[in-house]
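Trainee: If it helps, the file is called input-v3.tsv and holds TSV, C-alpha atoms:
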```tsv
chain	number	residue	atom	x	y	z
A	1	MET	CA	18.80	-9.29	-13.75
A	2	THR	CA	16.97	-12.64	-13.82
A	3	LEU	CA	13.24	-12.58	-13.24
A	4	PRO	CA	12.26	-14.91	-10.36
A	5	SER	CA	9.81	-17.50	-11.62
A	6	ARG	CA	6.17	-17.17	-10.72
A	7	ASP	CA	6.24	-20.55	-8.95
A	8	GLU	CA	9.30	-19.57	-6.90
A	9	LEU	CA	7.72	-16.29	-5.87
A	10	ARG	CA	4.41	-17.92	-4.99
A	11	ASP	CA	6.16	-20.49	-2.80
A	12	HIS	CA	8.13	-17.74	-1.06
A	13	LEU	CA	5.03	-15.65	-0.41
A	14	ILE	CA	3.34	-18.62	1.23
A	15	GLN	CA	6.39	-19.69	3.25
A	16	THR	CA	6.91	-16.19	4.69
A	17	ARG	CA	3.17	-15.57	5.11
A	18	ILE	CA	3.24	-12.47	2.92
A	19	ALA	CA	0.33	-14.27	1.27
A	20	GLY	CA	-1.44	-17.57	1.83
A	21	GLU	CA	-2.43	-17.99	5.48
A	22	VAL	CA	-1.47	-14.56	6.78
A	23	ALA	CA	-1.15	-13.32	10.34
A	24	THR	CA	-4.16	-10.99	10.11
A	25	SER	CA	-7.12	-12.71	11.74
A	26	ARG	CA	-10.56	-13.17	10.22
A	27	GLU	CA	-12.06	-11.26	13.14
A	28	ASN	CA	-9.85	-8.26	12.44
A	29	ASN	CA	-10.62	-8.33	8.73
A	30	LEU	CA	-14.39	-8.46	9.24
A	31	ASP	CA	-14.26	-5.73	11.88
A	32	HIS	CA	-12.40	-3.44	9.47
A	33	TYR	CA	-14.80	-4.21	6.60
A	34	ALA	CA	-17.76	-3.31	8.83
A	35	SER	CA	-15.98	-0.14	9.98
A	36	LEU	CA	-15.31	0.92	6.39
A	37	ALA	CA	-18.96	0.27	5.53
A	38	ASN	CA	-19.78	2.66	8.38
A	39	ARG	CA	-17.29	5.21	6.98
A	40	GLU	CA	-14.92	5.09	9.97
A	41	PRO	CA	-12.38	7.86	9.12
A	42	TYR	CA	-9.37	5.87	10.36
A	43	LEU	CA	-10.05	3.18	7.75
A	44	MET	CA	-11.01	5.50	4.88
A	45	LEU	CA	-7.30	6.23	4.26
A	46	GLY	CA	-8.02	9.61	2.70
A	47	LEU	CA	-10.59	8.33	0.21
A	48	THR	CA	-14.21	9.24	-0.35
A	49	LEU	CA	-16.44	6.51	-1.74
A	50	SER	CA	-18.67	7.13	-4.73
A	51	GLN	CA	-20.80	4.02	-4.14
A	52	ASP	CA	-22.59	2.80	-1.02
A	53	TRP	CA	-20.21	-0.15	-0.34
A	54	ALA	CA	-22.15	-2.02	2.33
A	55	PHE	CA	-20.40	-4.74	4.32
A	56	PRO	CA	-21.39	-7.65	1.98
A	57	GLU	CA	-20.10	-5.72	-1.03
A	58	ILE	CA	-16.78	-4.97	0.68
A	59	LEU	CA	-16.33	-8.62	1.66
A	60	ALA	CA	-17.11	-9.72	-1.89
A	61	LEU	CA	-14.62	-7.22	-3.28
A	62	MET	CA	-11.91	-8.34	-0.86
A	63	ALA	CA	-12.50	-11.97	-1.81
A	64	LYS	CA	-12.08	-11.03	-5.48
A	65	ALA	CA	-9.19	-8.57	-5.15
A	66	ALA	CA	-7.19	-10.06	-2.27
A	67	GLY	CA	-8.40	-13.63	-1.95
A	68	VAL	CA	-9.86	-13.54	1.56
A	69	VAL	CA	-12.45	-16.18	2.36
A	70	ALA	CA	-15.68	-15.22	0.60
A	71	ASP	CA	-18.04	-17.05	2.97
A	72	PRO	CA	-19.65	-14.50	5.35
A	73	GLU	CA	-20.26	-17.31	7.85
A	74	HIS	CA	-16.49	-17.71	8.29
A	75	ARG	CA	-16.20	-15.32	11.21
A	76	PHE	CA	-13.31	-16.53	13.36
A	77	GLY	CA	-9.77	-17.84	13.03
A	78	GLN	CA	-7.58	-17.74	9.95
A	79	ASP	CA	-7.98	-15.66	6.82
A	80	THR	CA	-6.03	-15.72	3.58
A	81	ILE	CA	-4.50	-13.66	0.80
A	82	ASP	CA	-4.31	-15.46	-2.52
A	83	PRO	CA	-0.66	-15.41	-3.69
A	84	GLU	CA	-1.81	-15.58	-7.30
A	85	ARG	CA	-3.68	-12.32	-6.82
A	86	THR	CA	-0.58	-10.82	-5.21
A	87	ILE	CA	1.55	-11.72	-8.22
A	88	ASP	CA	-1.11	-10.59	-10.71
A	89	ALA	CA	-1.26	-7.23	-8.92
A	90	LEU	CA	2.54	-6.95	-8.94
A	91	ASP	CA	2.41	-7.41	-12.72
A	92	MET	CA	-0.24	-4.71	-12.99
A	93	MET	CA	1.74	-2.36	-10.76
A	94	ALA	CA	4.88	-2.96	-12.81
A	95	GLY	CA	3.04	-1.97	-15.97
A	96	VAL	CA	1.76	1.26	-14.43
A	97	VAL	CA	5.16	2.18	-12.99
A	98	ALA	CA	6.92	1.39	-16.27
A	99	GLY	CA	4.44	3.51	-18.19
A	100	ALA	CA	5.01	6.47	-15.88
A	101	LEU	CA	8.79	6.12	-15.89
A	102	ALA	CA	8.88	5.89	-19.68
A	103	VAL	CA	8.22	9.64	-19.74
A	104	PRO	CA	11.57	11.48	-19.57
A	105	GLY	CA	12.01	13.38	-16.30
A	106	ALA	CA	8.95	11.88	-14.62
A	107	ARG	CA	8.39	13.29	-11.13
A	108	VAL	CA	7.79	10.55	-8.59
A	109	LEU	CA	6.73	10.68	-4.95
A	110	VAL	CA	7.29	7.61	-2.74
A	111	ALA	CA	5.83	7.27	0.78
A	112	THR	CA	5.05	4.59	3.34
A	113	GLY	CA	3.19	4.19	6.59
A	114	HIS	CA	5.08	0.96	7.27
A	115	PRO	CA	8.65	1.81	8.33
A	116	THR	CA	9.13	-1.61	9.98
A	117	GLY	CA	7.89	-3.61	7.00
A	118	LEU	CA	7.33	-2.17	3.54
A	119	LEU	CA	9.99	0.55	3.76
A	120	THR	CA	12.51	-1.78	2.14
A	121	VAL	CA	10.25	-2.20	-0.91
A	122	HIS	CA	9.71	1.54	-1.27
A	123	LEU	CA	13.42	2.27	-0.97
A	124	ALA	CA	14.15	-0.15	-3.82
A	125	LEU	CA	11.46	1.40	-6.01
A	126	ALA	CA	12.79	4.88	-5.27
A	127	ARG	CA	16.29	3.80	-6.32
A	128	LEU	CA	14.88	2.22	-9.47
A	129	ALA	CA	13.03	5.40	-10.40
A	130	VAL	CA	16.25	7.44	-10.15
A	131	GLU	CA	18.21	4.86	-12.14
A	132	LEU	CA	15.62	5.11	-14.91
A	133	GLY	CA	15.89	8.89	-15.07
A	134	ALA	CA	13.00	10.01	-12.87
A	135	THR	CA	13.14	12.79	-10.32
A	136	LEU	CA	12.14	11.98	-6.75
A	137	ILE	CA	10.32	14.90	-5.18
A	138	THR	CA	10.26	15.62	-1.43
A	139	PRO	CA	7.63	18.26	-0.64
A	140	ALA	CA	6.63	19.46	2.83
A	141	GLU	CA	9.67	18.07	4.62
A	142	GLY	CA	9.45	19.00	8.29
A	143	TRP	CA	5.72	19.76	8.22
A	144	LYS	CA	4.11	19.05	11.59
A	145	TYR	CA	0.53	18.10	12.39
A	146	THR	CA	-1.51	16.51	15.16
A	147	ASN	CA	-2.75	13.00	14.48
A	148	HIS	CA	-6.55	13.00	14.79
A	149	TYR	CA	-6.83	9.55	16.30
A	150	PHE	CA	-4.06	9.46	18.91
A	151	GLY	CA	-3.44	13.15	19.58
A	152	ARG	CA	0.29	12.92	18.85
A	153	THR	CA	2.37	15.48	16.96
A	154	ARG	CA	3.96	13.95	13.89
A	155	THR	CA	6.39	15.31	11.30
A	156	ILE	CA	7.03	14.48	7.64
A	157	ARG	CA	10.56	13.18	7.21
A	158	TYR	CA	12.38	11.55	4.31
A	159	LEU	CA	14.84	8.68	4.22
A	160	ASP	CA	16.57	8.44	0.84
A	161	SER	CA	13.63	10.41	-0.60
A	162	VAL	CA	10.95	8.07	0.81
A	163	ALA	CA	8.43	9.98	2.93
A	164	MET	CA	7.32	8.77	6.35
A	165	VAL	CA	6.08	10.41	9.52
A	166	SER	CA	8.10	10.61	12.70
A	167	ASP	CA	6.97	10.77	16.30
A	168	LYS	CA	9.83	12.48	18.14
A	169	GLY	CA	12.85	10.27	17.37
A	170	ALA	CA	11.15	7.39	15.54
A	171	PHE	CA	9.51	6.73	12.21
A	172	THR	CA	6.02	5.46	12.97
A	173	HIS	CA	3.23	3.37	11.51
A	174	SER	CA	0.52	5.64	10.12
A	175	HIS	CA	-2.86	5.54	8.39
A	176	ASP	CA	-2.88	9.34	8.15
A	177	ALA	CA	-3.91	11.08	4.93
A	178	ASP	CA	-3.11	14.63	6.07
A	179	PRO	CA	0.61	14.43	5.22
A	180	MET	CA	-0.07	13.55	1.57
A	181	ARG	CA	-2.71	16.26	1.36
A	182	GLU	CA	-0.15	18.79	2.62
A	183	MET	CA	2.48	17.57	0.17
A	184	LEU	CA	0.10	17.88	-2.76
A	185	ALA	CA	-1.04	21.31	-1.56
A	186	GLU	CA	2.59	22.50	-1.47
A	187	LEU	CA	3.13	21.18	-5.00
A	188	GLY	CA	0.07	23.08	-6.20
A	189	ASP	CA	-0.28	23.00	-9.97
A	190	ALA	CA	2.71	20.65	-10.37
A	191	PRO	CA	1.55	17.33	-8.87
A	192	PRO	CA	3.66	14.16	-9.14
A	193	ASP	CA	3.46	12.08	-12.30
A	194	LEU	CA	3.36	8.97	-10.11
A	195	VAL	CA	2.86	8.14	-6.43
A	196	ILE	CA	4.05	4.81	-5.00
A	197	ALA	CA	2.67	4.42	-1.49
A	198	ASP	CA	0.39	2.67	1.01
A	199	HIS	CA	-2.22	3.55	3.64
A	200	GLY	CA	-3.33	7.20	3.76
A	201	TRP	CA	-0.43	8.33	1.58
A	202	ALA	CA	-1.85	6.28	-1.31
A	203	GLY	CA	-5.51	6.98	-0.57
A	204	ALA	CA	-5.11	10.77	-0.45
A	205	ALA	CA	-3.05	10.78	-3.66
A	206	GLY	CA	-5.59	8.65	-5.49
A	207	GLU	CA	-8.42	10.80	-4.18
A	208	ALA	CA	-6.65	13.87	-5.59
A	209	GLY	CA	-6.52	12.32	-9.04
A	210	VAL	CA	-2.79	11.57	-9.08
A	211	LEU	CA	-1.66	8.36	-10.77
A	212	THR	CA	-1.14	6.09	-7.77
A	213	VAL	CA	-0.11	2.51	-7.08
A	214	GLY	CA	-0.03	0.99	-3.64
A	215	PHE	CA	0.29	-1.95	-1.29
A	216	ALA	CA	-2.42	-3.01	1.16
A	217	ASP	CA	-3.09	-5.71	3.73
A	218	SER	CA	-6.32	-7.69	3.86
A	219	ASN	CA	-7.52	-5.57	6.80
A	220	ASP	CA	-7.10	-2.30	4.85
A	221	PRO	CA	-9.98	-2.55	2.36
A	222	ALA	CA	-10.21	1.15	1.45
A	223	LEU	CA	-7.41	1.05	-1.12
A	224	PHE	CA	-9.05	-1.91	-2.88
A	225	VAL	CA	-12.33	0.00	-2.93
A	226	GLY	CA	-10.43	2.98	-4.33
A	227	GLU	CA	-8.99	0.75	-7.04
A	228	ALA	CA	-12.47	-0.60	-7.85
A	229	GLU	CA	-13.71	2.98	-8.20
A	230	GLY	CA	-10.81	3.89	-10.49
A	231	LYS	CA	-8.97	6.15	-8.05
A	232	LEU	CA	-5.90	3.92	-7.72
A	233	ALA	CA	-4.26	2.27	-10.71
A	234	ALA	CA	-3.03	-0.88	-8.95
A	235	VAL	CA	-3.14	-2.24	-5.40
A	236	VAL	CA	-1.05	-5.24	-4.33
A	237	PRO	CA	-2.56	-7.44	-1.58
A	238	LEU	CA	0.01	-8.66	0.94
A	239	ASP	CA	0.81	-8.84	4.63
A	240	ASP	CA	2.35	-5.42	5.11
A	241	ASN	CA	4.44	-6.08	8.22
A	242	VAL	CA	6.52	-9.25	7.95
A	243	LEU	CA	10.29	-9.13	8.46
A	244	PRO	CA	11.73	-6.68	5.92
A	245	ARG	CA	14.14	-9.23	4.45
A	246	HIS	CA	11.20	-11.45	3.45
A	247	TYR	CA	10.11	-8.87	0.87
A	248	ALA	CA	13.35	-9.23	-1.12
A	249	PRO	CA	12.10	-11.75	-3.74
A	250	LEU	CA	8.86	-9.79	-4.21
A	251	THR	CA	10.87	-6.60	-4.66
A	252	GLU	CA	13.24	-8.26	-7.12
A	253	TYR	CA	10.28	-9.57	-9.12
A	254	LEU	CA	8.64	-6.13	-9.25
A	255	VAL	CA	11.82	-4.25	-10.11
A	256	THR	CA	12.71	-6.77	-12.82
A	257	ARG	CA	9.23	-6.59	-14.34
A	258	VAL	CA	9.51	-2.79	-14.53
A	259	THR	CA	12.97	-2.83	-16.11
A	260	HIS	CA	12.00	-5.53	-18.61
A	261	ALA	CA	8.89	-3.54	-19.59
A	262	LEU	CA	11.11	-0.56	-20.34
A	263	GLY	CA	13.73	-2.63	-22.14
A	264	ALA	CA	16.33	-1.49	-19.62
```
Hey, can you dump this file as structure tokens for me?
Mentor:
Amino acid sequence: MTLPSRDELRDHLIQTRIAGEVATSRENNLDHYASLANREPYLMLGLTLSQDWAFPEILALMAKAAGVVADPEHRFGQDTIDPERTIDALDMMAGVVAGALAVPGARVLVATGHPTGLLTVHLALARLAVELGATLITPAEGWKYTNHYFGRTRTIRYLDSVAMVSDKGAFTHSHDADPMREMLAELGDAPPDLVIADHGWAGAAGEAGVLTVGFADSNDPALFVGEAEGKLAAVVPLDDNVLPRHYAPLTEYLVTRVTHALGA
């Protein structure tokens, strides 16, 4: 497998708006940063915060970690994700994943709250884990719960060993942390060796002390705060809901970095 060049990947990220000038508006980003500063549960993504993390500190962190505009006076219009930070984070994630998969028989849990976007990336990483000798675990399949924010009953389901939640007949977008909490509770004293996830799946795993890597949009600051506090090992900034096919070069880059790190 040939590793896509950094320049090629950066150009692709910008062209598809996975990074660069992304679809998420500045207004939405700032609203979510303020809500996290106020400890809005929907945006906590299963994490507790050890530090105060006031709004200016969250904005400064997001400028550093994701490349959003640092100027607090920029309140309307376009915001950005720095593609260089995306690629740097992919490199960091690859190192963490390779380290975990270097252990024979590593137990890996993969989950996503983005069935219309990032699912394709998670499926590829799940396949890679199996190819490298890991065991994908699928706890709490069929567990039902009521979503706190919308009052809908949701169920944990797996597609090729990637966990999602379903709402009747459809996989659905979710910030919920309760499903990961239930999965870890069922596993008890045998937690995963690695979690690859996003949204509340990643936050709840990191909060529980499980080695966790994740993906997050610029309007989901909690995972970056979790990374800054040492609860997540790597968080990749990106637009989390572009057309699934647009993630192919990013996925190829990440998979190739992992396999090269392991000498596979």
Trainee: Could you list, with a cut-off of 12 Å and counting all atoms listed in the file, the residues of region 141-229 of chain A near region 109-126 of chain A, each shown with its nearest atom pair and the distance in Å rounded to one decimal, rows sorted by chain and ascending number, as CSV?
Mentor:
```
residue,atom,partner,partner_atom,distance
A:Ile156,CA,A:Ala111,CA,10.0
A:Arg157,CA,A:Ala111,CA,9.9
A:Tyr158,CA,A:Ala111,CA,8.6
A:Leu159,CA,A:Leu123,CA,8.4
A:Asp160,CA,A:Leu123,CA,7.2
A:Ser161,CA,A:Val110,CA,7.3
A:Val162,CA,A:Val110,CA,5.1
A:Ala163,CA,A:Ala111,CA,4.3
A:Met164,CA,A:Thr112,CA,5.6
A:Val165,CA,A:Gly113,CA,7.5
A:Ser166,CA,A:Pro115,CA,9.8
A:Ala170,CA,A:Pro115,CA,9.5
A:Phe171,CA,A:Pro115,CA,6.3
A:Thr172,CA,A:Pro115,CA,6.5
A:His173,CA,A:Gly113,CA,5.0
A:Ser174,CA,A:Gly113,CA,4.7
A:His175,CA,A:Gly113,CA,6.5
A:Asp176,CA,A:Gly113,CA,8.1
A:Ala177,CA,A:Gly113,CA,10.0
A:Pro179,CA,A:Ala111,CA,9.9
A:Met180,CA,A:Ala111,CA,8.7
A:Met183,CA,A:Leu109,CA,9.6
A:Leu184,CA,A:Leu109,CA,10.0
A:Leu187,CA,A:Leu109,CA,11.1
A:Pro191,CA,A:Leu109,CA,9.3
A:Pro192,CA,A:Leu109,CA,6.3
A:Asp193,CA,A:Leu109,CA,8.2
A:Leu194,CA,A:Leu109,CA,6.4
A:Val195,CA,A:Leu109,CA,4.9
A:Ile196,CA,A:Val110,CA,4.8
A:Ala197,CA,A:Ala111,CA,4.8
A:Asp198,CA,A:Thr112,CA,5.6
A:His199,CA,A:Gly113,CA,6.2
A:Gly200,CA,A:Gly113,CA,7.7
A:Trp201,CA,A:Ala111,CA,6.4
A:Ala202,CA,A:Ala111,CA,8.0
A:Gly203,CA,A:Ala111,CA,11.4
A:Ala204,CA,A:Ala111,CA,11.6
A:Ala205,CA,A:Leu109,CA,9.9
A:Val210,CA,A:Leu109,CA,10.4
A:Leu211,CA,A:Leu109,CA,10.5
A:Thr212,CA,A:Leu109,CA,9.5
A:Val213,CA,A:Val110,CA,10.0
A:Gly214,CA,A:Thr112,CA,9.4
A:Phe215,CA,A:Leu118,CA,8.5
A:Ala216,CA,A:Leu118,CA,10.1
A:Asp217,CA,A:Leu118,CA,11.0
```
Trainee: Which one of A:Ala140, A:Leu254, A:Leu36, A:Leu238 sits closest to Asp52 (chain A) if you count all atoms listed in the file?
Mentor: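 Of A:Ala140, A:Leu254, A:Leu36, A:Leu238, the one nearest Asp52 (chain A) is A:Leu36, counting all atoms listed in the file.
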Trainee: One decimal, in Å: what's the spacing between CA of Thr138 (chain A) and CA of Leu250 (chain A)?
Mentor: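 For CA of Thr138 (chain A) relative to CA of Leu250 (chain A), the distance reads 25.6 Å.
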Trainee: So the first atom is CA of Asp88 (chain A) and the second is CA of Ala222 (chain A); what is the distance between them in Å, to one decimal place?
Mentor: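 Computing the Euclidean distance for CA of Asp88 (chain A) and CA of Ala222 (chain A) yields 19.2 Å.
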Trainee: As JSON, please: the centre and edge lengths in Å, to one decimal, of an axis-aligned box enclosing every listed atom of region 108-126 of chain A with 8 Å added on each side.
Mentor:
```
{"center_x": 8.7, "center_y": 3.5, "center_z": 0.7, "size_x": 27.0, "size_y": 30.3, "size_z": 34.6}
```
Trainee: Hey, which of A:Ala70, A:Ile58, A:Ala23, A:Leu13 ends up closest to Arg39 (chain A)? Count all atoms listed in the file.
Mentor: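 For Arg39 (chain A), the nearest of the given residues is A:Ile58.
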Trainee: So, counting only C-alpha atoms, which residue among A:Pro237, A:Pro221, A:Gly263, A:Gly95 is closest to Leu49 (chain A)?
Mentor: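 Among the listed residues, the smallest separation from Leu49 (chain A) belongs to A:Pro221.
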Trainee: How many Å separate CA of Ala208 (chain A) from CA of Lys231 (chain A)?
Mentor: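 Taking CA of Ala208 (chain A) and CA of Lys231 (chain A), their separation equals 8.4 Å.
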Trainee: So which one's closest to Leu47 (chain A), A:His74, A:Arg181, A:Arg154, A:His246? Using all atoms listed in the file, please.
Mentor: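 Smallest distance to Leu47 (chain A) is found for A:Arg181.
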Trainee: Have a look at A:Pro56, A:Gly169, A:Pro249, A:Pro139 and name the one nearest to Arg107 (chain A); count only C-alpha atoms.
Mentor: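 Of the candidates, the smallest distance to Arg107 (chain A) is held by A:Pro139.
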Trainee: For a quick check of understanding, using all atoms listed in the file, which of A:Asp167, A:Asp82, A:Asp11, A:Glu207 has the smallest distance to Phe150 (chain A)?
Mentor: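 Going through A:Asp167, A:Asp82, A:Asp11, A:Glu207 one by one, the smallest distance to Phe150 (chain A) is for A:Asp167.
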Trainee: Give me the residues within 6 Å of Val68 (chain A) as a list in words, counting all atoms listed in the file and dropping any in the same chain fewer than 5 places off.
Mentor: Ala63, Asp79, Thr80 and Ile81 of chain A
Trainee: Name the residues, using the chain letters and numbers of the file, that sit within 10 Å of (-22.7, -5.8, 4.6) when counting only C-alpha atoms, and give them as an MDAnalysis selection string.
Mentor: chainID A and resid 30 33:34 37:38 53:60 72
Trainee: With only C-alpha atoms as the counted atoms, please give the residues lying no more than 12 Å from His12 (chain A), apart from itself and same-chain residues fewer than 3 positions off, as a list in words.
Mentor: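 My reading of the contact set: Pro4, Ser5, Arg6, Asp7, Glu8, Leu9, Gln15, Thr16, Arg17, Ile18, Ala19, Gly20, Pro83, Glu84, Thr86, Ile87, Arg245, His246, Tyr247, Ala248, Pro249, Leu250 and Tyr253 of chain A.
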Trainee: Within 7 Å of region 102-106 of chain A, which residues of region 117-191 of chain A come that close, and what is the closest atom pair and distance in Å for each? Count only C-alpha atoms and give it as a Markdown table.
Mentor:
```
| residue | atom | partner | partner_atom | distance |
| --- | --- | --- | --- | --- |
| A:Gly133 | CA | A:Gly105 | CA | 6.1 |
| A:Ala134 | CA | A:Ala106 | CA | 4.8 |
| A:Thr135 | CA | A:Ala106 | CA | 6.1 |
```
Trainee: Because some atoms of region 122-131 of chain A are absent here, can you restore all heavy atoms and send them as a compact mmCIF listing (two decimals), in the frame of the given file?
Mentor:
```txt
# COMPACT_ATOMS: atom_id res chain seq x y z
N HIS A 122 9.78 0.17 -0.76
CA HIS A 122 9.71 1.54 -1.27
C HIS A 122 11.10 2.12 -1.56
O HIS A 122 11.27 2.84 -2.55
CB HIS A 122 8.97 2.43 -0.27
CG HIS A 122 7.50 2.15 -0.21
ND1 HIS A 122 6.97 1.17 0.59
CD2 HIS A 122 6.45 2.72 -0.84
CE1 HIS A 122 5.65 1.15 0.45
NE2 HIS A 122 5.31 2.08 -0.41
N LEU A 123 12.06 1.80 -0.72
CA LEU A 123 13.42 2.27 -0.97
C LEU A 123 13.95 1.74 -2.30
O LEU A 123 14.59 2.45 -3.07
CB LEU A 123 14.35 1.87 0.18
CG LEU A 123 14.16 2.64 1.49
CD1 LEU A 123 14.94 1.95 2.61
CD2 LEU A 123 14.62 4.09 1.35
N ALA A 124 13.69 0.46 -2.57
CA ALA A 124 14.15 -0.15 -3.82
C ALA A 124 13.46 0.49 -5.02
O ALA A 124 14.10 0.73 -6.05
CB ALA A 124 13.89 -1.65 -3.79
N LEU A 125 12.17 0.77 -4.90
CA LEU A 125 11.46 1.40 -6.01
C LEU A 125 11.92 2.84 -6.22
O LEU A 125 11.98 3.31 -7.36
CB LEU A 125 9.96 1.34 -5.75
CG LEU A 125 9.36 -0.08 -5.79
CD1 LEU A 125 7.91 -0.05 -5.34
CD2 LEU A 125 9.47 -0.67 -7.19
N ALA A 126 12.25 3.52 -5.14
CA ALA A 126 12.79 4.88 -5.27
C ALA A 126 14.13 4.86 -6.00
O ALA A 126 14.39 5.69 -6.89
CB ALA A 126 12.94 5.52 -3.89
N ARG A 127 14.99 3.91 -5.63
CA ARG A 127 16.29 3.80 -6.32
C ARG A 127 16.09 3.48 -7.80
O ARG A 127 16.77 4.04 -8.67
CB ARG A 127 17.14 2.72 -5.66
CG ARG A 127 17.67 3.09 -4.29
CD ARG A 127 18.73 2.12 -3.82
NE ARG A 127 18.21 0.76 -3.66
CZ ARG A 127 17.70 0.30 -2.53
NH1 ARG A 127 17.63 1.07 -1.45
NH2 ARG A 127 17.26 -0.94 -2.45
N LEU A 128 15.15 2.58 -8.08
CA LEU A 128 14.88 2.22 -9.47
C LEU A 128 14.42 3.43 -10.27
O LEU A 128 14.88 3.64 -11.41
CB LEU A 128 13.81 1.12 -9.52
CG LEU A 128 13.34 0.73 -10.92
CD1 LEU A 128 14.46 0.06 -11.70
CD2 LEU A 128 12.12 -0.19 -10.83
N ALA A 129 13.54 4.22 -9.70
CA ALA A 129 13.03 5.40 -10.40
C ALA A 129 14.17 6.34 -10.79
O ALA A 129 14.23 6.85 -11.91
CB ALA A 129 12.01 6.13 -9.53
N VAL A 130 15.12 6.57 -9.86
CA VAL A 130 16.25 7.44 -10.15
C VAL A 130 17.14 6.83 -11.24
O VAL A 130 17.58 7.51 -12.16
CB VAL A 130 17.06 7.69 -8.87
CG1 VAL A 130 18.36 8.43 -9.19
CG2 VAL A 130 16.24 8.50 -7.88
N GLU A 131 17.38 5.53 -11.14
CA GLU A 131 18.21 4.86 -12.14
C GLU A 131 17.61 4.97 -13.54
O GLU A 131 18.33 5.00 -14.54
CB GLU A 131 18.38 3.38 -11.77
CG GLU A 131 19.24 3.15 -10.54
CD GLU A 131 19.17 1.72 -10.04
OE1 GLU A 131 18.48 0.89 -10.70
OE2 GLU A 131 19.77 1.43 -8.99
```
